[in-house]
>>> print(open('coords-v2.pdb').read())   # PDB, C-alpha atoms
MODEL        1
ATOM      1  CA  MET A   1     -34.629 -60.985 -61.105
ATOM      2  CA  ALA A   2     -30.852 -60.265 -61.220
ATOM      3  CA  ASN A   3     -30.568 -59.571 -57.467
ATOM      4  CA  PRO A   4     -33.405 -61.384 -55.730
ATOM      5  CA  ILE A   5     -34.597 -60.197 -52.325
ATOM      6  CA  SER A   6     -34.495 -63.743 -50.939
ATOM      7  CA  ARG A   7     -33.614 -67.250 -52.008
ATOM      8  CA  PHE A   8     -37.118 -68.208 -50.813
ATOM      9  CA  PRO A   9     -40.382 -67.120 -52.462
ATOM     10  CA  VAL A  10     -41.338 -63.477 -51.989
ATOM     11  CA  PRO A  11     -45.102 -62.980 -52.144
ATOM     12  CA  ASP A  12     -46.685 -60.262 -54.186
ATOM     13  CA  LEU A  13     -47.901 -57.498 -51.894
ATOM     14  CA  ALA A  14     -51.487 -58.085 -53.065
ATOM     15  CA  GLU A  15     -51.251 -61.693 -51.833
ATOM     16  CA  VAL A  16     -50.143 -61.078 -48.239
ATOM     17  CA  PRO A  17     -52.652 -60.918 -45.364
ATOM     18  CA  ASP A  18     -54.214 -57.508 -44.890
ATOM     19  CA  ASP A  19     -52.484 -56.739 -41.566
ATOM     20  CA  LEU A  20     -49.058 -57.396 -43.098
ATOM     21  CA  ARG A  21     -49.894 -55.391 -46.200
ATOM     22  CA  GLN A  22     -51.041 -52.427 -44.075
ATOM     23  CA  ARG A  23     -47.820 -52.491 -42.070
ATOM     24  CA  ILE A  24     -45.692 -52.728 -45.210
ATOM     25  CA  LEU A  25     -47.545 -49.855 -46.879
ATOM     26  CA  ALA A  26     -47.167 -47.711 -43.736
ATOM     27  CA  VAL A  27     -43.399 -48.328 -43.770
ATOM     28  CA  GLN A  28     -43.292 -47.486 -47.476
ATOM     29  CA  GLU A  29     -45.160 -44.243 -46.848
ATOM     30  CA  ARG A  30     -42.720 -43.186 -44.082
ATOM     31  CA  SER A  31     -39.490 -44.205 -45.805
ATOM     32  CA  GLY A  32     -40.342 -43.913 -49.495
ATOM     33  CA  PHE A  33     -39.514 -47.582 -50.193
ATOM     34  CA  VAL A  34     -40.235 -51.054 -48.802
ATOM     35  CA  PRO A  35     -37.260 -52.492 -46.905
ATOM     36  CA  ASN A  36     -36.544 -55.962 -48.265
ATOM     37  CA  VAL A  37     -36.866 -57.585 -44.831
ATOM     38  CA  PHE A  38     -40.617 -56.928 -44.874
ATOM     39  CA  LEU A  39     -41.108 -58.591 -48.238
ATOM     40  CA  ALA A  40     -38.791 -61.511 -47.483
ATOM     41  CA  LEU A  41     -40.402 -62.331 -44.127
ATOM     42  CA  ALA A  42     -43.919 -61.997 -45.574
ATOM     43  CA  HIS A  43     -43.312 -65.485 -47.000
ATOM     44  CA  ARG A  44     -44.299 -66.756 -43.533
ATOM     45  CA  PRO A  45     -47.021 -64.443 -42.141
ATOM     46  CA  ASP A  46     -47.140 -65.863 -38.594
ATOM     47  CA  GLU A  47     -43.370 -65.594 -38.258
ATOM     48  CA  PHE A  48     -43.484 -62.072 -39.743
ATOM     49  CA  ARG A  49     -45.948 -61.039 -37.027
ATOM     50  CA  ALA A  50     -43.896 -62.626 -34.237
ATOM     51  CA  PHE A  51     -40.618 -61.174 -35.534
ATOM     52  CA  PHE A  52     -41.906 -57.633 -35.801
ATOM     53  CA  ALA A  53     -43.804 -57.816 -32.504
ATOM     54  CA  TYR A  54     -40.554 -58.635 -30.693
ATOM     55  CA  HIS A  55     -38.617 -56.116 -32.796
ATOM     56  CA  ASP A  56     -41.063 -53.377 -31.834
ATOM     57  CA  ALA A  57     -41.065 -54.406 -28.162
ATOM     58  CA  LEU A  58     -37.281 -53.958 -28.078
ATOM     59  CA  MET A  59     -36.675 -51.078 -30.446
ATOM     60  CA  LEU A  60     -39.683 -48.769 -30.011
ATOM     61  CA  LYS A  61     -40.504 -48.827 -26.297
ATOM     62  CA  PRO A  62     -39.375 -46.222 -23.771
ATOM     63  CA  SER A  63     -35.989 -47.261 -22.442
ATOM     64  CA  GLY A  64     -32.842 -46.036 -20.741
ATOM     65  CA  LEU A  65     -31.207 -46.565 -24.138
ATOM     66  CA  SER A  66     -31.592 -43.923 -26.806
ATOM     67  CA  LYS A  67     -32.825 -44.945 -30.250
ATOM     68  CA  GLY A  68     -29.304 -44.306 -31.527
ATOM     69  CA  GLU A  69     -27.756 -46.548 -28.859
ATOM     70  CA  ARG A  70     -30.142 -49.355 -29.768
ATOM     71  CA  GLU A  71     -29.085 -49.037 -33.398
ATOM     72  CA  MET A  72     -25.410 -49.021 -32.336
ATOM     73  CA  ILE A  73     -25.993 -52.431 -30.756
ATOM     74  CA  VAL A  74     -27.596 -53.721 -33.947
ATOM     75  CA  VAL A  75     -24.771 -52.455 -36.166
ATOM     76  CA  ALA A  76     -21.963 -53.727 -33.919
ATOM     77  CA  THR A  77     -23.429 -57.178 -33.382
ATOM     78  CA  SER A  78     -24.535 -57.519 -37.007
ATOM     79  CA  ALA A  79     -21.004 -56.680 -38.128
ATOM     80  CA  ALA A  80     -19.657 -59.350 -35.756
ATOM     81  CA  ASN A  81     -22.132 -61.797 -37.309
ATOM     82  CA  GLN A  82     -21.222 -60.658 -40.863
ATOM     83  CA  CYS A  83     -24.788 -59.662 -41.706
ATOM     84  CA  LEU A  84     -24.645 -57.293 -44.663
ATOM     85  CA  TYR A  85     -28.385 -56.573 -44.612
ATOM     86  CA  CYS A  86     -28.535 -55.494 -40.970
ATOM     87  CA  VAL A  87     -25.268 -53.537 -41.041
ATOM     88  CA  VAL A  88     -26.414 -51.525 -44.061
ATOM     89  CA  ALA A  89     -30.086 -51.083 -43.095
ATOM     90  CA  HIS A  90     -29.515 -50.336 -39.414
ATOM     91  CA  GLY A  91     -26.406 -48.328 -40.220
ATOM     92  CA  ALA A  92     -28.673 -45.966 -42.154
ATOM     93  CA  ILE A  93     -31.086 -45.714 -39.229
ATOM     94  CA  LEU A  94     -28.164 -45.126 -36.849
ATOM     95  CA  ARG A  95     -26.775 -42.299 -38.991
ATOM     96  CA  ILE A  96     -30.191 -40.643 -39.015
ATOM     97  CA  HIS A  97     -30.767 -40.949 -35.243
ATOM     98  CA  GLU A  98     -27.272 -39.783 -34.321
ATOM     99  CA  LYS A  99     -26.993 -37.153 -37.109
ATOM    100  CA  HIS A 100     -23.444 -38.466 -37.559
ATOM    101  CA  PRO A 101     -22.658 -39.634 -41.118
ATOM    102  CA  GLN A 102     -19.546 -41.642 -40.145
ATOM    103  CA  ILE A 103     -20.716 -43.408 -36.985
ATOM    104  CA  ALA A 104     -22.229 -46.513 -38.592
ATOM    105  CA  ASP A 105     -19.131 -47.168 -40.705
ATOM    106  CA  GLN A 106     -16.905 -46.716 -37.655
ATOM    107  CA  ILE A 107     -18.948 -49.118 -35.542
ATOM    108  CA  ALA A 108     -19.307 -51.714 -38.305
ATOM    109  CA  THR A 109     -15.583 -51.696 -39.031
ATOM    110  CA  ASP A 110     -14.204 -51.530 -35.468
ATOM    111  CA  TRP A 111     -16.428 -50.162 -32.746
ATOM    112  CA  THR A 112     -13.469 -50.053 -30.339
ATOM    113  CA  LYS A 113     -12.041 -47.163 -32.401
ATOM    114  CA  ALA A 114     -15.360 -45.407 -33.080
ATOM    115  CA  ASP A 115     -16.306 -41.951 -31.812
ATOM    116  CA  LEU A 116     -18.173 -43.254 -28.721
ATOM    117  CA  SER A 117     -18.601 -42.406 -25.059
ATOM    118  CA  GLN A 118     -17.323 -44.676 -22.279
ATOM    119  CA  ARG A 119     -20.954 -45.698 -21.652
ATOM    120  CA  GLN A 120     -21.440 -46.682 -25.305
ATOM    121  CA  ARG A 121     -18.154 -48.641 -25.363
ATOM    122  CA  ALA A 122     -19.255 -50.638 -22.313
ATOM    123  CA  MET A 123     -22.637 -51.227 -23.937
ATOM    124  CA  LEU A 124     -21.094 -52.532 -27.171
ATOM    125  CA  ALA A 125     -18.558 -54.704 -25.346
ATOM    126  CA  PHE A 126     -21.423 -56.395 -23.504
ATOM    127  CA  ALA A 127     -23.651 -56.645 -26.593
ATOM    128  CA  SER A 128     -20.792 -58.173 -28.577
ATOM    129  CA  LYS A 129     -20.236 -60.779 -25.867
ATOM    130  CA  VAL A 130     -23.928 -61.662 -25.832
ATOM    131  CA  ALA A 131     -23.931 -61.949 -29.639
ATOM    132  CA  ARG A 132     -20.867 -64.208 -29.749
ATOM    133  CA  GLN A 133     -20.539 -65.905 -26.352
ATOM    134  CA  ALA A 134     -23.722 -65.485 -24.321
ATOM    135  CA  ASN A 135     -22.769 -68.584 -22.331
ATOM    136  CA  ALA A 136     -19.713 -66.705 -20.991
ATOM    137  CA  VAL A 137     -21.608 -63.676 -19.647
ATOM    138  CA  ASP A 138     -21.005 -63.335 -15.917
ATOM    139  CA  ASP A 139     -21.767 -60.908 -13.089
ATOM    140  CA  ALA A 140     -18.611 -58.897 -13.822
ATOM    141  CA  ASP A 141     -20.020 -58.083 -17.273
ATOM    142  CA  LEU A 142     -23.186 -56.700 -15.702
ATOM    143  CA  ASP A 143     -21.207 -54.820 -13.057
ATOM    144  CA  ALA A 144     -19.235 -53.064 -15.813
ATOM    145  CA  LEU A 145     -22.529 -51.755 -17.216
ATOM    146  CA  TYR A 146     -23.842 -50.659 -13.831
ATOM    147  CA  ALA A 147     -20.563 -48.771 -13.276
ATOM    148  CA  VAL A 148     -21.270 -46.516 -16.284
ATOM    149  CA  GLY A 149     -24.881 -45.825 -15.303
ATOM    150  CA  PHE A 150     -26.974 -48.553 -16.912
ATOM    151  CA  SER A 151     -29.876 -49.939 -14.892
ATOM    152  CA  ARG A 152     -30.789 -53.613 -14.570
ATOM    153  CA  GLU A 153     -33.568 -53.079 -17.147
ATOM    154  CA  ASP A 154     -31.105 -51.370 -19.510
ATOM    155  CA  VAL A 155     -28.825 -54.409 -19.246
ATOM    156  CA  TRP A 156     -31.740 -56.649 -20.195
ATOM    157  CA  ASP A 157     -32.475 -54.373 -23.171
ATOM    158  CA  ILE A 158     -28.855 -54.444 -24.371
ATOM    159  CA  GLY A 159     -28.709 -58.235 -24.120
ATOM    160  CA  ALA A 160     -32.140 -58.766 -25.663
ATOM    161  CA  ILE A 161     -31.359 -56.513 -28.645
ATOM    162  CA  ALA A 162     -28.057 -58.322 -29.234
ATOM    163  CA  ALA A 163     -29.767 -61.713 -28.979
ATOM    164  CA  PHE A 164     -32.732 -60.775 -31.157
ATOM    165  CA  PHE A 165     -30.511 -59.415 -33.894
ATOM    166  CA  ALA A 166     -28.344 -62.539 -33.752
ATOM    167  CA  LEU A 167     -31.534 -64.337 -34.825
ATOM    168  CA  SER A 168     -32.220 -61.669 -37.433
ATOM    169  CA  ASN A 169     -28.639 -61.890 -38.746
ATOM    170  CA  ARG A 170     -28.920 -65.635 -39.157
ATOM    171  CA  MET A 171     -32.272 -65.380 -40.936
ATOM    172  CA  ALA A 172     -30.859 -62.737 -43.290
ATOM    173  CA  GLY A 173     -27.972 -65.096 -44.069
ATOM    174  CA  LEU A 174     -30.309 -68.037 -44.628
ATOM    175  CA  LEU A 175     -32.485 -65.987 -46.966
ATOM    176  CA  ARG A 176     -29.482 -64.300 -48.636
ATOM    177  CA  MET A 177     -31.380 -61.090 -48.048
ATOM    178  CA  MET A 178     -29.756 -58.084 -49.669
ATOM    179  CA  PRO A 179     -30.123 -54.473 -48.485
ATOM    180  CA  ASN A 180     -32.159 -52.035 -50.540
ATOM    181  CA  PRO A 181     -29.974 -49.590 -52.516
ATOM    182  CA  GLU A 182     -31.791 -46.710 -50.774
ATOM    183  CA  PHE A 183     -30.202 -47.577 -47.417
ATOM    184  CA  TYR A 184     -26.656 -46.843 -48.570
ATOM    185  CA  MET A 185     -27.049 -43.067 -48.762
ATOM    186  CA  LEU A 186     -29.545 -42.429 -45.960
ATOM    187  CA  GLY A 187     -28.146 -40.200 -43.268
ATOM    188  CA  ARG A 188     -24.910 -39.499 -45.134
ATOM    189  CA  VAL A 189     -25.835 -36.156 -46.648
ATOM    190  CA  PRO A 190     -28.259 -33.506 -45.382
ATOM    191  CA  LYS A 191     -31.717 -33.570 -46.930
ATOM    192  CA  ALA A 192     -32.352 -30.839 -49.472
ATOM    193  CA  GLY A 193     -34.818 -28.086 -48.659
TER     194      GLY A 193
ENDMDL
END
>>> encode(input="coords-v2.pdb", output="structure tokens")
Amino acid sequence: MANPISRFPVPDLAEVPDDLRQRILAVQERSGFVPNVFLALAHRPDEFRAFFAYHDALMLKPSGLSKGEREMIVVATSAANQCLYCVVAHGAILRIHEKHPQIADQIATDWTKADLSQRQRAMLAFASKVARQANAVDDADLDALYAVGFSREDVWDIGAIAAFFALSNRMAGLLRMMPNPEFYMLGRVPKAG
């Protein structure tokens, strides 16, 4: 394969445990393709299950953060960690949630100049600190989030998403996981019909 999904073995879909295969097929049905992260992580089924269980607990639950804000955190911190896969894949999801074709590129390049609210700027400043210097987070960082309306649980969510995707970014780098070509155009142009 000219552009492999991973530098580690990628199992054939027919060979993965049934629960993984069902999840992968459900994602394929919704999106029209299988994101490479699912195939790459299927190499280790138990880790696949744990990874996606925590992903879902952070990204799909009811929260004081919108789905778009959660994706903003992923794009900003993944850009800081130089993770091509997550910037491209989650940039597509961000564009779709926000219905804003430029927002992911703005955040990935320099979120401080992006078209964001004061609340979102505070959120990304904190998430970036967690992603790069979690040991330096102090009460003043939390107070800055409370001042723009985030709750204590929201602060946990922001930090947990930044931390989880730091793990994801590092795994993507280890695997040399490349984004699917389909991600590049998602959310950039209106769907036909």
>>> residues_near_point(input="coords-v2.pdb", point="(-45.4, -49.5, -42.8)", cutoff="12 Å", atoms="all atoms listed in the file", output="PDB file with C-alpha atoms, keeping the file's coordinate frame")
ATOM      1  CA  ASP A  19     -52.484 -56.739 -41.566  1.00  0.00           C
ATOM      2  CA  LEU A  20     -49.058 -57.396 -43.098  1.00  0.00           C
ATOM      3  CA  ARG A  21     -49.894 -55.391 -46.200  1.00  0.00           C
ATOM      4  CA  GLN A  22     -51.041 -52.427 -44.075  1.00  0.00           C
ATOM      5  CA  ARG A  23     -47.820 -52.491 -42.070  1.00  0.00           C
ATOM      6  CA  ILE A  24     -45.692 -52.728 -45.210  1.00  0.00           C
ATOM      7  CA  LEU A  25     -47.545 -49.855 -46.879  1.00  0.00           C
ATOM      8  CA  ALA A  26     -47.167 -47.711 -43.736  1.00  0.00           C
ATOM      9  CA  VAL A  27     -43.399 -48.328 -43.770  1.00  0.00           C
ATOM     10  CA  GLN A  28     -43.292 -47.486 -47.476  1.00  0.00           C
ATOM     11  CA  GLU A  29     -45.160 -44.243 -46.848  1.00  0.00           C
ATOM     12  CA  ARG A  30     -42.720 -43.186 -44.082  1.00  0.00           C
ATOM     13  CA  SER A  31     -39.490 -44.205 -45.805  1.00  0.00           C
ATOM     14  CA  GLY A  32     -40.342 -43.913 -49.495  1.00  0.00           C
ATOM     15  CA  PHE A  33     -39.514 -47.582 -50.193  1.00  0.00           C
ATOM     16  CA  VAL A  34     -40.235 -51.054 -48.802  1.00  0.00           C
ATOM     17  CA  PRO A  35     -37.260 -52.492 -46.905  1.00  0.00           C
ATOM     18  CA  VAL A  37     -36.866 -57.585 -44.831  1.00  0.00           C
ATOM     19  CA  PHE A  38     -40.617 -56.928 -44.874  1.00  0.00           C
ATOM     20  CA  LEU A  39     -41.108 -58.591 -48.238  1.00  0.00           C
ATOM     21  CA  PHE A  52     -41.906 -57.633 -35.801  1.00  0.00           C
TER      22      PHE A  52
END
>>> atom_distance(input="coords-v2.pdb", atom1="CA of Phe51 in chain A", atom2="CA of Leu142 in chain A")
26.8 Å
>>> resolve_selection(input="coords-v2.pdb", expression="the PyMOL selection byres ((chain A and resi 177-191) around 6)", output="list in words")
Ile5, Ser6, Tyr85, Ala89, Ala92, Arg95, Ile96, Pro101, Ala172, Leu175, Arg176 and Ala192 of chain A
>>> write_last_selection(input="coords-v2.pdb", atoms="C-alpha atoms", output="PDB file, keeping the file's coordinate frame")
ATOM      1  CA  ILE A   5     -34.597 -60.197 -52.325  1.00  0.00           C
ATOM      2  CA  SER A   6     -34.495 -63.743 -50.939  1.00  0.00           C
ATOM      3  CA  TYR A  85     -28.385 -56.573 -44.612  1.00  0.00           C
ATOM      4  CA  ALA A  89     -30.086 -51.083 -43.095  1.00  0.00           C
ATOM      5  CA  ALA A  92     -28.673 -45.966 -42.154  1.00  0.00           C
ATOM      6  CA  ARG A  95     -26.775 -42.299 -38.991  1.00  0.00           C
ATOM      7  CA  ILE A  96     -30.191 -40.643 -39.015  1.00  0.00           C
ATOM      8  CA  PRO A 101     -22.658 -39.634 -41.118  1.00  0.00           C
ATOM      9  CA  ALA A 172     -30.859 -62.737 -43.290  1.00  0.00           C
ATOM     10  CA  LEU A 175     -32.485 -65.987 -46.966  1.00  0.00           C
ATOM     11  CA  ARG A 176     -29.482 -64.300 -48.636  1.00  0.00           C
ATOM     12  CA  ALA A 192     -32.352 -30.839 -49.472  1.00  0.00           C
TER      13      ALA A 192
END
>>> atom_distance(input="coords-v2.pdb", atom1="CA of Pro4 in chain A", atom2="CA of Ala42 in chain A")
14.6 Å
>>> resolve_selection(input="coords-v2.pdb", expression="the PyMOL selection byres ((chain A and resi 111) around 10)", output="PyMOL selection string")
chain A and resi 72+75-77+79+103-110+112-116+120-121+124-125
>>> atom_distance(input="coords-v2.pdb", atom1="CA of Ala131 in chain A", atom2="CA of Leu174 in chain A")
17.4 Å
>>> resolve_selection(input="coords-v2.pdb", expression="the PyMOL selection byres ((chain A and resi 145-153) around 12)", output="ChimeraX atom specification")
/A:58,62-66,117-127,138-144,154-160
>>> axis_aligned_box(input="coords-v2.pdb", around="range 105-116 of chain A", padding_each_side="3 Å", output="JSON")
{"center_x": -15.7, "center_y": -46.8, "center_z": -34.7, "size_x": 13.3, "size_y": 15.8, "size_z": 18.0}
>>> closest_residue(input="coords-v2.pdb", among="A:Cys86, A:Glu15, A:Gly68, A:Ile73", to="His100 in chain A", atoms="only C-alpha atoms")
A:Gly68
>>> residues_near_point(input="coords-v2.pdb", point="(-43.4, -61.5, -45.6)", cutoff="10 Å", atoms="all atoms listed in the file", output="PyMOL selection string")
chain A and resi 9-13+16-17+20-21+24+36-49
>>> write_last_selection(input="coords-v2.pdb", atoms="C-alpha atoms", output="tab-separated table (two decimals), keeping the file's coordinate frame")
chain	number	residue	atom	x	y	z
A	9	PRO	CA	-40.38	-67.12	-52.46
A	10	VAL	CA	-41.34	-63.48	-51.99
A	11	PRO	CA	-45.10	-62.98	-52.14
A	12	ASP	CA	-46.68	-60.26	-54.19
A	13	LEU	CA	-47.90	-57.50	-51.89
A	16	VAL	CA	-50.14	-61.08	-48.24
A	17	PRO	CA	-52.65	-60.92	-45.36
A	20	LEU	CA	-49.06	-57.40	-43.10
A	21	ARG	CA	-49.89	-55.39	-46.20
A	24	ILE	CA	-45.69	-52.73	-45.21
A	36	ASN	CA	-36.54	-55.96	-48.26
A	37	VAL	CA	-36.87	-57.58	-44.83
A	38	PHE	CA	-40.62	-56.93	-44.87
A	39	LEU	CA	-41.11	-58.59	-48.24
A	40	ALA	CA	-38.79	-61.51	-47.48
A	41	LEU	CA	-40.40	-62.33	-44.13
A	42	ALA	CA	-43.92	-62.00	-45.57
A	43	HIS	CA	-43.31	-65.48	-47.00
A	44	ARG	CA	-44.30	-66.76	-43.53
A	45	PRO	CA	-47.02	-64.44	-42.14
A	46	ASP	CA	-47.14	-65.86	-38.59
A	47	GLU	CA	-43.37	-65.59	-38.26
A	48	PHE	CA	-43.48	-62.07	-39.74
A	49	ARG	CA	-45.95	-61.04	-37.03
>>> closest_residue(input="coords-v2.pdb", among="A:Ser78, A:Ala57, A:Leu84, A:Asn135", to="Leu167 in chain A", atoms="all atoms listed in the file")
A:Ser78
>>> closest_residue(input="coords-v2.pdb", among="A:Arg70, A:Asn81, A:Gln102, A:Val130", to="Met171 in chain A", atoms="all atoms listed in the file")
A:Asn81
>>> decode(input="coords-v2.pdb", residues="range 116-151 of chain A", atoms="C-alpha atoms", output="JSON list (two decimals), in the first residue's frame")
[["chain", "number", "residue", "atom", "x", "y", "z"],
["A", 116, "LEU", "CA", -14.24, 33.01, 18.47],
["A", 117, "SER", "CA", -16.16, 34.36, 21.44],
["A", 118, "GLN", "CA", -14.43, 35.45, 24.66],
["A", 119, "ARG", "CA", -15.73, 32.24, 26.27],
["A", 120, "GLN", "CA", -14.20, 30.09, 23.52],
["A", 121, "ARG", "CA", -10.86, 31.94, 23.73],
["A", 122, "ALA", "CA", -10.70, 31.28, 27.48],
["A", 123, "MET", "CA", -11.60, 27.64, 26.87],
["A", 124, "LEU", "CA", -8.84, 27.18, 24.28],
["A", 125, "ALA", "CA", -6.25, 29.01, 26.38],
["A", 126, "PHE", "CA", -6.94, 26.58, 29.23],
["A", 127, "ALA", "CA", -7.09, 23.51, 26.97],
["A", 128, "SER", "CA", -3.79, 24.49, 25.36],
["A", 129, "LYS", "CA", -2.16, 24.82, 28.78],
["A", 130, "VAL", "CA", -3.44, 21.40, 29.82],
["A", 131, "ALA", "CA", -2.17, 19.89, 26.56],
["A", 132, "ARG", "CA", 1.31, 21.41, 26.89],
["A", 133, "GLN", "CA", 1.90, 22.19, 30.57],
["A", 134, "ALA", "CA", -0.70, 20.48, 32.75],
["A", 135, "ASN", "CA", 1.74, 20.66, 35.66],
["A", 136, "ALA", "CA", 1.51, 24.48, 35.53],
["A", 137, "VAL", "CA", -2.30, 24.71, 35.78],
["A", 138, "ASP", "CA", -3.27, 26.71, 38.85],
["A", 139, "ASP", "CA", -6.40, 28.15, 40.47],
["A", 140, "ALA", "CA", -6.11, 31.36, 38.42],
["A", 141, "ASP", "CA", -6.56, 29.29, 35.25],
["A", 142, "LEU", "CA", -9.79, 27.84, 36.60],
["A", 143, "ASP", "CA", -10.96, 31.24, 37.82],
["A", 144, "ALA", "CA", -10.55, 32.62, 34.29],
["A", 145, "LEU", "CA", -12.97, 29.95, 33.05],
["A", 146, "TYR", "CA", -15.48, 30.57, 35.83],
["A", 147, "ALA", "CA", -15.38, 34.29, 34.96],
["A", 148, "VAL", "CA", -16.73, 33.58, 31.45],
["A", 149, "GLY", "CA", -19.49, 31.25, 32.65],
["A", 150, "PHE", "CA", -17.99, 27.77, 32.73],
["A", 151, "SER", "CA", -19.00, 25.51, 35.62]]
